[in-house]
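Okay, query15.csv now, which holds CSV, C-alpha atoms:
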chain,number,residue,atom,x,y,z
X,454,MET,CA,1.4,-2.7,-3.8
X,455,GLN,CA,3.7,-4.9,-5.7
X,456,TRP,CA,3.1,-8.0,-7.8
X,457,GLN,CA,4.1,-10.0,-4.7
X,458,ALA,CA,1.0,-8.7,-3.0
X,459,LEU,CA,-1.0,-11.2,-5.0
X,460,GLY,CA,1.0,-14.0,-3.6
X,461,LEU,CA,3.0,-14.2,-6.8
X,462,GLY,CA,6.6,-13.3,-7.7
X,463,ALA,CA,8.7,-12.1,-10.6
X,464,ASP,CA,8.9,-15.5,-12.2
X,465,GLU,CA,5.1,-15.8,-12.2
X,466,LEU,CA,4.7,-12.4,-13.8
X,467,ARG,CA,7.2,-13.3,-16.6
X,468,VAL,CA,5.7,-16.7,-17.3
X,469,TYR,CA,2.1,-15.2,-17.3
X,470,GLU,CA,3.0,-12.5,-19.8
X,471,ALA,CA,4.8,-15.1,-21.9
X,472,LEU,CA,1.7,-17.3,-21.9
X,473,LEU,CA,-0.3,-14.5,-23.4
X,474,ASP,CA,1.8,-14.8,-26.5
X,475,VAL,CA,3.1,-18.3,-26.8
X,476,PRO,CA,1.2,-21.2,-28.6
X,477,GLU,CA,-0.6,-23.5,-26.2
X,478,ARG,CA,1.2,-26.5,-27.7
X,479,ALA,CA,4.6,-25.1,-26.9
X,480,SER,CA,6.6,-27.1,-24.3
X,481,ARG,CA,7.7,-26.0,-20.8
X,482,THR,CA,11.3,-26.6,-22.0
X,483,ALA,CA,10.9,-24.1,-24.8
X,484,LEU,CA,9.2,-21.6,-22.6
X,485,ALA,CA,12.0,-21.9,-20.0
X,486,GLN,CA,14.7,-21.4,-22.6
X,487,SER,CA,12.9,-18.3,-24.0
X,488,LEU,CA,12.8,-16.8,-20.5
X,489,GLY,CA,16.2,-17.8,-19.4
X,490,LEU,CA,14.7,-19.8,-16.5
X,491,THR,CA,15.1,-23.4,-15.5
X,492,VAL,CA,12.3,-25.8,-16.2
X,493,ARG,CA,11.8,-26.3,-12.4
X,494,ARG,CA,11.3,-22.6,-11.9
X,495,VAL,CA,8.8,-22.4,-14.8
X,496,THR,CA,6.9,-25.4,-13.4
X,497,ARG,CA,6.7,-23.8,-10.0
X,498,ALA,CA,5.5,-20.5,-11.5
X,499,LEU,CA,2.9,-22.3,-13.6
X,500,ASP,CA,1.6,-24.1,-10.4
X,501,GLN,CA,1.3,-20.7,-8.6
X,502,LEU,CA,-0.5,-19.2,-11.6
X,503,ALA,CA,-3.0,-22.1,-11.7
X,504,GLU,CA,-3.6,-21.8,-7.9
X,505,HIS,CA,-4.4,-18.1,-8.3
X,506,HIS,CA,-6.7,-18.8,-11.4
X,507,PHE,CA,-4.5,-17.0,-13.9
X,508,THR,CA,-4.4,-20.0,-16.2
X,509,HIS,CA,-6.7,-22.7,-17.7
X,510,PRO,CA,-5.5,-26.3,-17.6
X,511,ALA,CA,-3.5,-27.5,-20.5
X,512,ARG,CA,-5.4,-29.6,-23.1
X,513,GLU,CA,-2.5,-31.9,-23.6
X,514,SER,CA,-0.3,-33.3,-20.9
X,515,SER,CA,2.9,-32.1,-22.6
X,516,GLY,CA,1.5,-28.7,-23.5
X,517,LEU,CA,1.3,-25.4,-21.6
X,518,PRO,CA,-1.7,-24.1,-19.8
X,519,ALA,CA,-3.6,-21.3,-21.5
X,520,ALA,CA,-3.4,-17.8,-19.9
X,521,VAL,CA,-6.7,-16.5,-18.6
X,522,ALA,CA,-7.5,-13.2,-20.4
X,523,PRO,CA,-6.2,-10.2,-18.4
X,524,ALA,CA,-9.7,-8.7,-18.0
X,525,THR,CA,-11.0,-12.0,-16.4
X,526,ALA,CA,-7.9,-12.4,-14.3
X,527,LEU,CA,-8.3,-8.9,-13.0
X,528,ARG,CA,-12.0,-9.3,-12.3
X,529,ASN,CA,-11.1,-12.4,-10.3
X,530,LEU,CA,-8.5,-10.4,-8.5
X,531,ILE,CA,-10.9,-7.7,-7.6
X,532,HIS,CA,-13.3,-10.2,-6.1
X,533,LEU,CA,-10.5,-11.8,-4.2
X,534,ARG,CA,-9.2,-8.5,-2.9
X,535,HIS,CA,-12.7,-7.4,-1.8
X,536,ALA,CA,-13.0,-10.5,0.2
X,537,GLU,CA,-9.6,-10.0,1.7
X,538,LEU,CA,-10.4,-6.3,2.5
X,539,LEU,CA,-13.6,-7.4,4.4
X,540,HIS,CA,-11.5,-9.8,6.4
X,541,ARG,CA,-8.8,-7.1,7.0
X,542,SER,CA,-11.5,-4.6,8.1
X,543,ALA,CA,-12.8,-7.0,10.7
X,544,GLU,CA,-9.3,-7.6,12.0
X,545,LEU,CA,-8.7,-3.8,12.0
X,546,GLU,CA,-11.8,-3.2,14.0
X,547,GLU,CA,-10.8,-5.9,16.5
X,548,LEU,CA,-7.2,-4.4,16.8
X,549,THR,CA,-8.6,-0.9,17.2
X,550,GLY,CA,-10.9,-2.1,20.0
X,551,SER,CA,-8.0,-3.8,21.8
X,552,VAL,CA,-5.8,-0.7,21.6
X,553,ASP,CA,-8.5,1.6,22.9
X,554,ARG,CA,-9.4,-0.8,25.7
X,555,ILE,CA,-5.8,-1.3,26.8
X,556,ALA,CA,-4.9,2.3,26.5
X,557,ALA,CA,-7.9,3.3,28.7
X,558,GLN,CA,-7.0,0.8,31.3
X,559,LEU,CA,-3.4,2.1,31.4
X,560,LEU,CA,-4.4,5.8,31.6
X,561,SER,CA,-6.7,4.9,34.5
X,562,SER,CA,-3.6,3.9,36.5
X,563,VAL,CA,-1.9,7.1,37.4
X,564,ASN,CA,1.3,5.7,38.8
X,565,THR,CA,2.2,3.1,36.2
X,566,PRO,CA,5.8,2.1,36.8
X,567,ARG,CA,8.2,2.5,33.9
X,568,ALA,CA,9.5,-1.0,34.4
X,569,THR,CA,6.3,-2.4,33.0
X,570,GLY,CA,7.1,-1.0,29.6
X,571,ILE,CA,4.4,1.7,29.7
X,572,GLU,CA,5.4,5.4,30.3
X,573,THR,CA,2.9,8.2,30.8
X,574,VAL,CA,4.1,11.6,29.4
X,575,ARG,CA,2.1,14.7,30.4
X,576,GLY,CA,1.9,18.1,28.8
X,577,GLY,CA,2.5,19.3,25.3
X,578,ALA,CA,6.1,20.3,25.8
X,579,ALA,CA,7.0,17.0,27.4
X,580,ILE,CA,5.3,15.1,24.6
X,581,ALA,CA,7.1,17.0,21.9
X,582,ALA,CA,10.4,16.4,23.7
X,583,ARG,CA,9.6,12.7,23.9
X,584,VAL,CA,8.7,12.5,20.2
X,585,ALA,CA,12.0,14.3,19.3
X,586,SER,CA,13.9,11.8,21.5
X,587,LEU,CA,12.2,8.9,19.8
X,588,LEU,CA,13.0,10.2,16.3
X,589,VAL,CA,16.7,10.7,17.2
X,590,SER,CA,16.9,7.1,18.5
X,591,ALA,CA,15.4,5.6,15.3
X,592,SER,CA,17.9,3.4,13.5
X,593,GLU,CA,15.7,1.4,11.0
X,594,GLU,CA,12.2,2.8,10.7
X,595,VAL,CA,9.7,5.4,11.8
X,596,ALA,CA,6.0,4.7,11.2
X,597,LEU,CA,3.2,7.2,11.9
X,598,LEU,CA,-0.6,7.3,11.7
X,599,ASP,CA,-1.7,11.0,11.5
X,600,ARG,CA,-5.3,12.1,11.7
X,601,PRO,CA,-7.4,15.1,13.0
X,602,PRO,CA,-8.1,16.7,15.4
X,603,TYR,CA,-4.9,18.8,15.4
X,604,ALA,CA,-3.6,21.4,17.9
X,605,ALA,CA,-3.4,24.9,16.6
X,606,SER,CA,0.4,24.8,16.4
X,607,GLN,CA,1.5,21.2,15.9
X,608,PRO,CA,-0.7,18.1,15.4
X,609,ASP,CA,-1.0,16.1,18.6
X,610,GLY,CA,2.6,16.1,19.6
X,611,MET,CA,3.4,14.4,16.3
X,612,PRO,CA,6.5,15.8,14.6
X,613,ALA,CA,6.1,18.9,12.4
X,614,PRO,CA,6.9,18.4,8.7
X,615,LEU,CA,10.6,19.3,9.1
X,616,ASP,CA,11.2,16.9,12.0
X,617,VAL,CA,10.8,13.6,10.2
X,618,THR,CA,13.3,14.5,7.5
X,619,GLU,CA,16.2,14.1,10.0
X,620,PRO,CA,15.8,10.3,10.3
X,621,VAL,CA,15.5,10.1,6.5
X,622,ARG,CA,18.8,11.9,6.1
X,623,ARG,CA,20.4,9.2,8.3
X,624,GLY,CA,19.0,6.5,6.1
X,625,VAL,CA,16.0,5.6,8.3
X,626,ARG,CA,12.8,4.6,6.5
X,627,VAL,CA,10.0,6.9,7.4
X,628,ARG,CA,6.4,6.0,6.5
X,629,VAL,CA,3.4,8.2,7.2
X,630,ALA,CA,-0.3,7.2,6.8
X,631,VAL,CA,-2.5,10.4,6.8
X,632,ASP,CA,-6.2,10.5,7.1
X,633,ARG,CA,-7.8,12.0,4.0
X,634,GLU,CA,-9.7,14.4,6.2
X,635,GLY,CA,-6.5,16.0,7.3
X,636,LEU,CA,-5.6,17.1,3.8
X,637,SER,CA,-8.4,19.7,4.0
X,638,PHE,CA,-6.4,21.7,6.6
X,639,GLN,CA,-4.7,24.8,5.1
X,640,GLY,CA,-1.1,24.1,3.9
X,641,ARG,CA,-1.2,20.4,5.0
X,642,ALA,CA,-1.3,18.8,1.6
X,643,ARG,CA,1.6,21.0,0.4
X,644,GLY,CA,3.6,20.2,3.5
X,645,LEU,CA,3.1,16.5,2.9
X,646,GLY,CA,4.1,16.9,-0.7
X,647,ASP,CA,7.3,18.5,0.4
X,648,LEU,CA,8.0,15.6,2.8
X,649,ALA,CA,7.5,13.1,-0.1
X,650,VAL,CA,10.0,15.0,-2.2
X,651,GLN,CA,12.6,14.7,0.6
X,652,GLY,CA,12.1,10.9,0.9
X,653,VAL,CA,9.3,10.4,3.3
X,654,GLN,CA,6.9,7.7,2.1
X,655,ILE,CA,3.4,9.0,2.5
X,656,ARG,CA,0.0,7.3,1.9
X,657,VAL,CA,-3.5,8.6,2.3
X,658,GLY,CA,-6.3,6.5,3.9
X,659,THR,CA,-9.8,7.0,5.2
X,660,ASP,CA,-11.1,6.7,8.8
X,661,LEU,CA,-7.7,6.1,10.4
X,662,PRO,CA,-8.5,4.5,13.8
X,663,THR,CA,-6.0,6.3,16.0
X,664,LYS,CA,-2.8,8.4,16.0
X,665,LEU,CA,0.6,6.9,16.8
X,666,ILE,CA,4.3,6.9,16.1
X,667,THR,CA,6.3,3.7,16.1
X,668,VAL,CA,10.1,3.6,16.1
X,669,ASP,CA,12.0,0.5,15.0
X,670,ARG,CA,8.9,-1.7,15.8
X,671,ARG,CA,9.9,-1.6,19.5
X,672,VAL,CA,8.5,1.6,20.9
X,673,THR,CA,5.2,3.3,20.2
X,674,LEU,CA,3.9,6.7,21.3
X,675,LEU,CA,0.1,7.1,21.4
X,676,PRO,CA,-0.6,10.9,21.4
X,677,PRO,CA,-3.5,12.4,23.4
X,678,THR,CA,-6.9,12.5,21.9
X,679,ASP,CA,-7.3,16.2,22.7
X,680,ALA,CA,-4.1,17.8,21.5
X,681,ALA,CA,-5.2,21.3,22.6
X,682,ASP,CA,-5.4,20.3,26.2
X,683,PRO,CA,-2.1,21.4,27.9
X,684,THR,CA,-2.6,18.7,30.6
X,685,ALA,CA,-3.2,15.9,28.2
X,686,SER,CA,-1.2,12.7,28.4
X,687,ALA,CA,0.5,10.5,25.9
X,688,LEU,CA,1.5,6.8,26.3
X,689,VAL,CA,5.0,5.5,25.4
X,690,VAL,CA,4.7,1.8,24.9
X,691,SER,CA,7.5,-0.7,24.8
X,692,ASP,CA,5.5,-3.6,26.3
X,693,SER,CA,5.6,-6.4,23.7
X,694,LEU,CA,1.9,-7.4,24.3
X,695,LEU,CA,0.6,-4.0,23.3
X,696,SER,CA,3.3,-3.4,20.6
X,697,ASN,CA,2.2,-6.7,19.0
X,698,ALA,CA,-1.2,-5.0,18.4
X,699,LEU,CA,0.0,-1.6,17.4
X,700,VAL,CA,2.5,-2.6,14.7
X,701,PRO,CA,-0.1,-4.8,12.9
X,702,LEU,CA,-2.5,-2.0,13.2
X,703,PHE,CA,-0.2,0.4,11.3
X,704,GLU,CA,0.6,-2.2,8.7
X,705,SER,CA,-3.1,-2.9,8.1
X,706,VAL,CA,-3.8,0.8,7.6
X,707,TRP,CA,-0.7,1.2,5.4
X,708,GLU,CA,-1.7,-1.6,3.1
X,709,ARG,CA,-5.1,-0.1,2.4
X,710,ALA,CA,-3.9,3.4,1.9
X,711,VAL,CA,-2.6,4.9,-1.5
X,712,PRO,CA,0.5,7.0,-2.2
X,713,ILE,CA,-0.1,10.7,-1.8
X,714,GLY,CA,-0.7,12.3,-5.2
X,715,SER,CA,-2.2,9.2,-6.7
X,716,VAL,CA,-5.5,10.1,-5.0
X,717,ASP,CA,-6.0,13.2,-7.1
X,718,ARG,CA,-4.0,12.2,-10.3
X,719,ILE,CA,-6.6,9.6,-11.4
X,720,THR,CA,-9.4,11.0,-13.6
X,721,ASP,CA,-12.5,9.5,-15.0
X,722,GLU,CA,-10.7,9.3,-18.4
X,723,ASP,CA,-7.8,7.6,-16.8
X,724,ARG,CA,-10.1,5.1,-15.2
X,725,GLU,CA,-11.8,4.3,-18.5
X,726,LEU,CA,-8.4,3.9,-20.2
X,727,LEU,CA,-7.2,1.6,-17.5
X,728,THR,CA,-10.3,-0.5,-17.8
X,729,MET,CA,-9.9,-0.9,-21.5
X,730,LEU,CA,-6.2,-1.7,-21.0
X,731,ALA,CA,-7.1,-4.4,-18.5
X,732,SER,CA,-9.7,-5.8,-21.1
X,733,GLY,CA,-6.8,-6.4,-23.5
X,734,LEU,CA,-7.8,-3.8,-26.2
X,735,LYS,CA,-5.1,-2.7,-28.6
X,736,ASP,CA,-3.9,0.9,-28.7
X,737,GLU,CA,-5.8,1.6,-31.9
X,738,ALA,CA,-9.1,0.3,-30.5
X,739,MET,CA,-8.7,2.4,-27.4
X,740,ALA,CA,-8.0,5.5,-29.5
X,741,ARG,CA,-11.1,4.9,-31.5
X,742,ARG,CA,-13.3,4.5,-28.4
X,743,LEU,CA,-11.8,7.6,-26.8
X,744,ASP,CA,-11.8,9.5,-30.1
X,745,ILE,CA,-8.2,10.6,-29.6
X,746,HIS,CA,-4.9,9.9,-31.5
X,747,VAL,CA,-3.2,6.6,-30.8
X,748,HIS,CA,0.0,8.5,-29.8
X,749,THR,CA,-2.1,10.3,-27.1
X,750,VAL,CA,-3.3,6.9,-25.8
X,751,ARG,CA,0.3,5.7,-25.6
X,752,ARG,CA,1.5,8.8,-23.8
X,753,ARG,CA,-1.3,8.5,-21.3
X,754,ILE,CA,-0.6,4.8,-20.7
X,755,THR,CA,3.1,5.6,-20.1
X,756,ARG,CA,2.1,8.3,-17.6
X,757,LEU,CA,-0.3,5.9,-15.8
X,758,MET,CA,2.4,3.3,-15.6
X,759,GLN,CA,4.7,5.8,-13.9
X,760,THR,CA,1.9,6.8,-11.5
X,761,LEU,CA,1.3,3.2,-10.6
X,762,ASN,CA,5.0,2.3,-10.5
X,763,ALA,CA,4.4,-0.5,-13.0
X,764,GLU,CA,7.0,-1.9,-15.4
X,765,THR,CA,4.5,-3.5,-17.8
X,766,ARG,CA,1.0,-2.8,-18.9
X,767,PHE,CA,-0.4,-5.8,-17.1
X,768,GLN,CA,1.3,-4.7,-13.9
X,769,ALA,CA,-0.5,-1.4,-14.4
X,770,GLY,CA,-3.8,-3.2,-14.6
X,771,VAL,CA,-3.0,-5.2,-11.5
X,772,GLN,CA,-2.1,-2.1,-9.5
X,773,ALA,CA,-5.2,-0.3,-10.7
X,774,ALA,CA,-7.4,-3.3,-9.7
X,775,LEU,CA,-5.8,-3.4,-6.2
X,776,ARG,CA,-6.5,0.3,-5.7
X,777,GLY,CA,-10.1,0.0,-7.0
X,778,TRP,CA,-9.5,2.3,-9.9
X,779,LEU,CA,-11.2,0.1,-12.6
X,780,THR,CA,-14.7,0.8,-13.7
X,781,GLY,CA,-17.4,-1.7,-14.2

Written as structure tokens, how would this file's structure read?
Amino acid sequence: MQWQALGLGADELRVYEALLDVPERASRTALAQSLGLTVRRVTRALDQLAEHHFTHPARESSGLPAAVAPATALRNLIHLRHAELLHRSAELEELTGSVDRIAAQLLSSVNTPRATGIETVRGGAAIAARVASLLVSASEEVALLDRPPYAASQPDGMPAPLDVTEPVRRGVRVRVAVDREGLSFQGRARGLGDLAVQGVQIRVGTDLPTKLITVDRRVTLLPPTDAADPTASALVVSDSLLSNALVPLFESVWERAVPIGSVDRITDEDRELLTMLASGLKDEAMARRLDIHVHTVRRRITRLMQTLNAETRFQAGVQAALRGWLTG
């Protein structure tokens, strides 16, 4: 999740962080000059910050609005994100129901003509060959949802770990959302870690609704539910009506998942430190509360910023809030 996920951009971030330090009586012109922005861009950023409740109204018409304290802004953000997630969950359930219903209707029709944009592929070998063909055809993006149950040799006709690296080497973006339950299978977490090192973007979610592989947002393969069944069938969908449900389904799952590794790297001490950081405490105060040296606090903050892919401390607080890592 980036700062833009809040509906704000780089200008808004710079202006907000500047407001935390500048006097309320300073002018927009002075603020714009200090940031190297035009007054129009600063004004637009201030309007966006006000709309998202990151500022208080200015006391004087010519002055700047006051920045809402980071802890308060983040609490507001958490409430907002919870409401959005509830809405997203409802949408996800509706999409999942639509996919299951349409897929069941299609599978009930044995002789579905290929011209309709729906192809039935039967048998493990044929499914694996079709997956390989799809991967080779990818020119922009491959997106996968991966969840148990798995076949003994290869999960549900989905590509084995080495298969998805070929599109990456060609410059194709590959994103994989994995169900947390699947990480308990022997060697699977290590294999996913190896894929991440090779450039595959991997996130971990819970209760993934289905399995699928989408290529270039135009063709989607829905693997069979029972991968161990040699007679099982998969669907290859290029029909726009169904694809318009499957692509949003993947994006909804992807948005709620977290990068692999982040799931296990956050500890209770990290959570406490992030909460104090979001509350605006100084390094020395955090060190006293944690009963550690201030240099240790700074090293841990730096590590957490790297984990969260954040350039500033406030960004780290935002990322932690979005992922539900803050306590209290």

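Among the candidates X:His746, X:His509, X:Arg671, X:Arg628, the one nearest to X:Leu473 when counting only C-alpha atoms is X:His509.
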
Excluding same-chain residues fewer than 3 positions from X:Lys664, what lies within 8 Å of it counting only C-alpha atoms, as a PDB file with C-alpha atoms, in the frame of the given file?
ATOM      1  CA  LEU X 597       3.200   7.200  11.900  1.00  0.00           C
ATOM      2  CA  LEU X 598      -0.600   7.300  11.700  1.00  0.00           C
ATOM      3  CA  ASP X 599      -1.700  11.000  11.500  1.00  0.00           C
ATOM      4  CA  ARG X 600      -5.300  12.100  11.700  1.00  0.00           C
ATOM      5  CA  LEU X 661      -7.700   6.100  10.400  1.00  0.00           C
ATOM      6  CA  LEU X 675       0.100   7.100  21.400  1.00  0.00           C
ATOM      7  CA  PRO X 676      -0.600  10.900  21.400  1.00  0.00           C
TER       8      PRO X 676
END

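Counting all atoms listed in the file and comparing X:Ala526, X:Ile713, X:Val668, X:Val595, the residue that lies closest to X:Ala642 is X:Ile713.
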
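Pairwise distance (atom CA of X:Leu502, atom CA of X:Asn762) equals 22.2 Å.
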
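Of the residues under consideration (X:Thr667, X:Thr673, X:Thr618, X:Thr720), X:Thr618 shows the shortest atom-to-atom contact distance to X:Asp647 when counting only C-alpha atoms.
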
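Across the model, the gap from atom CA of X:Gly570 to atom CA of X:Asn697 is 13.0 Å.
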
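One finds atom CA of X:Arg626 at 25.4 Å from atom CA of X:Ala773.
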
For stretch 630-635 of chain X, list every protein, DNA or RNA residue within 10 Å, evaluated using all atoms listed in the file, and leave out those in the same chain fewer than 2 positions away; present the list as a ChimeraX atom specification.
/X:596-603,628,637-639,641-642,645,654-664,703-704,706-713,716

Close residues, X:Glu572 itself excluded, 7 Å, all atoms listed in the file, min 2 positions apart in chain, as a VMD selection string:
chain X and resid 567 570 574 688 to 690

Using all atoms listed in the file, the shortest atom-to-atom distance to X:Val627 among X:Gly576, X:Gly652, X:Gly646, X:Gly640 belongs to X:Gly652

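Distance check against X:Arg493 using all atoms listed in the file: of X:Arg467, X:Arg575, X:Arg481, X:Arg756, the minimum falls on X:Arg481.
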
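For the residues X:Ala520, X:Gln772, X:His505, X:Leu490, ranking by smallest atom-to-atom distance to X:Gln759 using all atoms listed in the file places X:Gln772 first.
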
Export of stretch 727-736 of chain X: all heavy atoms, as a PDB file, in the first residue's frame:
ATOM      1  N   LEU X 727       5.868   0.894  16.824  1.00  0.00           N
ATOM      2  CA  LEU X 727       5.133   1.586  15.762  1.00  0.00           C
ATOM      3  C   LEU X 727       3.996   2.420  16.347  1.00  0.00           C
ATOM      4  O   LEU X 727       3.709   3.529  15.873  1.00  0.00           O
ATOM      5  CB  LEU X 727       4.579   0.569  14.767  1.00  0.00           C
ATOM      6  CG  LEU X 727       5.582  -0.005  13.766  1.00  0.00           C
ATOM      7  CD1 LEU X 727       4.998  -1.229  13.067  1.00  0.00           C
ATOM      8  CD2 LEU X 727       5.989   1.050  12.749  1.00  0.00           C
ATOM      9  N   THR X 728       3.339   1.900  17.367  1.00  0.00           N
ATOM     10  CA  THR X 728       2.243   2.642  17.997  1.00  0.00           C
ATOM     11  C   THR X 728       2.766   3.913  18.663  1.00  0.00           C
ATOM     12  O   THR X 728       2.164   4.985  18.542  1.00  0.00           O
ATOM     13  CB  THR X 728       1.535   1.759  19.036  1.00  0.00           C
ATOM     14  OG1 THR X 728       1.022   0.585  18.384  1.00  0.00           O
ATOM     15  CG2 THR X 728       0.382   2.511  19.680  1.00  0.00           C
ATOM     16  N   MET X 729       3.906   3.812  19.349  1.00  0.00           N
ATOM     17  CA  MET X 729       4.501   5.004  19.960  1.00  0.00           C
ATOM     18  C   MET X 729       4.979   5.985  18.892  1.00  0.00           C
ATOM     19  O   MET X 729       4.842   7.200  19.041  1.00  0.00           O
ATOM     20  CB  MET X 729       5.650   4.589  20.877  1.00  0.00           C
ATOM     21  CG  MET X 729       5.194   3.900  22.154  1.00  0.00           C
ATOM     22  SD  MET X 729       6.539   3.659  23.352  1.00  0.00           S
ATOM     23  CE  MET X 729       7.479   2.375  22.533  1.00  0.00           C
ATOM     24  N   LEU X 730       5.513   5.450  17.805  1.00  0.00           N
ATOM     25  CA  LEU X 730       5.966   6.301  16.701  1.00  0.00           C
ATOM     26  C   LEU X 730       4.790   7.070  16.115  1.00  0.00           C
ATOM     27  O   LEU X 730       4.879   8.278  15.851  1.00  0.00           O
ATOM     28  CB  LEU X 730       6.627   5.437  15.621  1.00  0.00           C
ATOM     29  CG  LEU X 730       7.288   6.155  14.448  1.00  0.00           C
ATOM     30  CD1 LEU X 730       8.487   6.963  14.925  1.00  0.00           C
ATOM     31  CD2 LEU X 730       7.728   5.145  13.393  1.00  0.00           C
ATOM     32  N   ALA X 731       3.669   6.377  15.918  1.00  0.00           N
ATOM     33  CA  ALA X 731       2.475   7.032  15.380  1.00  0.00           C
ATOM     34  C   ALA X 731       1.907   8.055  16.349  1.00  0.00           C
ATOM     35  O   ALA X 731       1.238   9.010  15.944  1.00  0.00           O
ATOM     36  CB  ALA X 731       1.413   5.976  15.052  1.00  0.00           C
ATOM     37  N   SER X 732       2.184   7.877  17.632  1.00  0.00           N
ATOM     38  CA  SER X 732       1.688   8.821  18.642  1.00  0.00           C
ATOM     39  C   SER X 732       2.538  10.083  18.726  1.00  0.00           C
ATOM     40  O   SER X 732       2.199  11.013  19.461  1.00  0.00           O
ATOM     41  CB  SER X 732       1.650   8.149  20.020  1.00  0.00           C
ATOM     42  OG  SER X 732       0.796   7.035  20.005  1.00  0.00           O
ATOM     43  N   GLY X 733       3.636  10.114  17.988  1.00  0.00           N
ATOM     44  CA  GLY X 733       4.459  11.314  17.943  1.00  0.00           C
ATOM     45  C   GLY X 733       5.513  11.400  19.025  1.00  0.00           C
ATOM     46  O   GLY X 733       6.097  12.466  19.234  1.00  0.00           O
ATOM     47  N   LEU X 734       5.780  10.294  19.739  1.00  0.00           N
ATOM     48  CA  LEU X 734       6.797  10.334  20.789  1.00  0.00           C
ATOM     49  C   LEU X 734       8.189  10.495  20.179  1.00  0.00           C
ATOM     50  O   LEU X 734       8.484   9.975  19.103  1.00  0.00           O
ATOM     51  CB  LEU X 734       6.753   9.045  21.613  1.00  0.00           C
ATOM     52  CG  LEU X 734       5.549   8.842  22.536  1.00  0.00           C
ATOM     53  CD1 LEU X 734       5.677   7.519  23.268  1.00  0.00           C
ATOM     54  CD2 LEU X 734       5.424   9.986  23.528  1.00  0.00           C
ATOM     55  N   LYS X 735       9.071  11.193  20.885  1.00  0.00           N
ATOM     56  CA  LYS X 735      10.446  11.362  20.458  1.00  0.00           C
ATOM     57  C   LYS X 735      11.233  10.075  20.721  1.00  0.00           C
ATOM     58  O   LYS X 735      10.827   9.222  21.531  1.00  0.00           O
ATOM     59  CB  LYS X 735      11.100  12.527  21.202  1.00  0.00           C
ATOM     60  CG  LYS X 735      10.395  13.863  20.998  1.00  0.00           C
ATOM     61  CD  LYS X 735      10.438  14.311  19.539  1.00  0.00           C
ATOM     62  CE  LYS X 735       9.795  15.685  19.375  1.00  0.00           C
ATOM     63  NZ  LYS X 735       9.784  16.102  17.944  1.00  0.00           N
ATOM     64  N   ASP X 736      12.367   9.959  20.053  1.00  0.00           N
ATOM     65  CA  ASP X 736      13.179   8.750  20.190  1.00  0.00           C
ATOM     66  C   ASP X 736      13.558   8.489  21.641  1.00  0.00           C
ATOM     67  O   ASP X 736      13.529   7.355  22.121  1.00  0.00           O
ATOM     68  CB  ASP X 736      14.444   8.866  19.342  1.00  0.00           C
ATOM     69  CG  ASP X 736      14.138   8.881  17.856  1.00  0.00           C
ATOM     70  OD1 ASP X 736      12.966   8.661  17.487  1.00  0.00           O
ATOM     71  OD2 ASP X 736      15.071   9.120  17.066  1.00  0.00           O
TER      72      ASP X 736
END
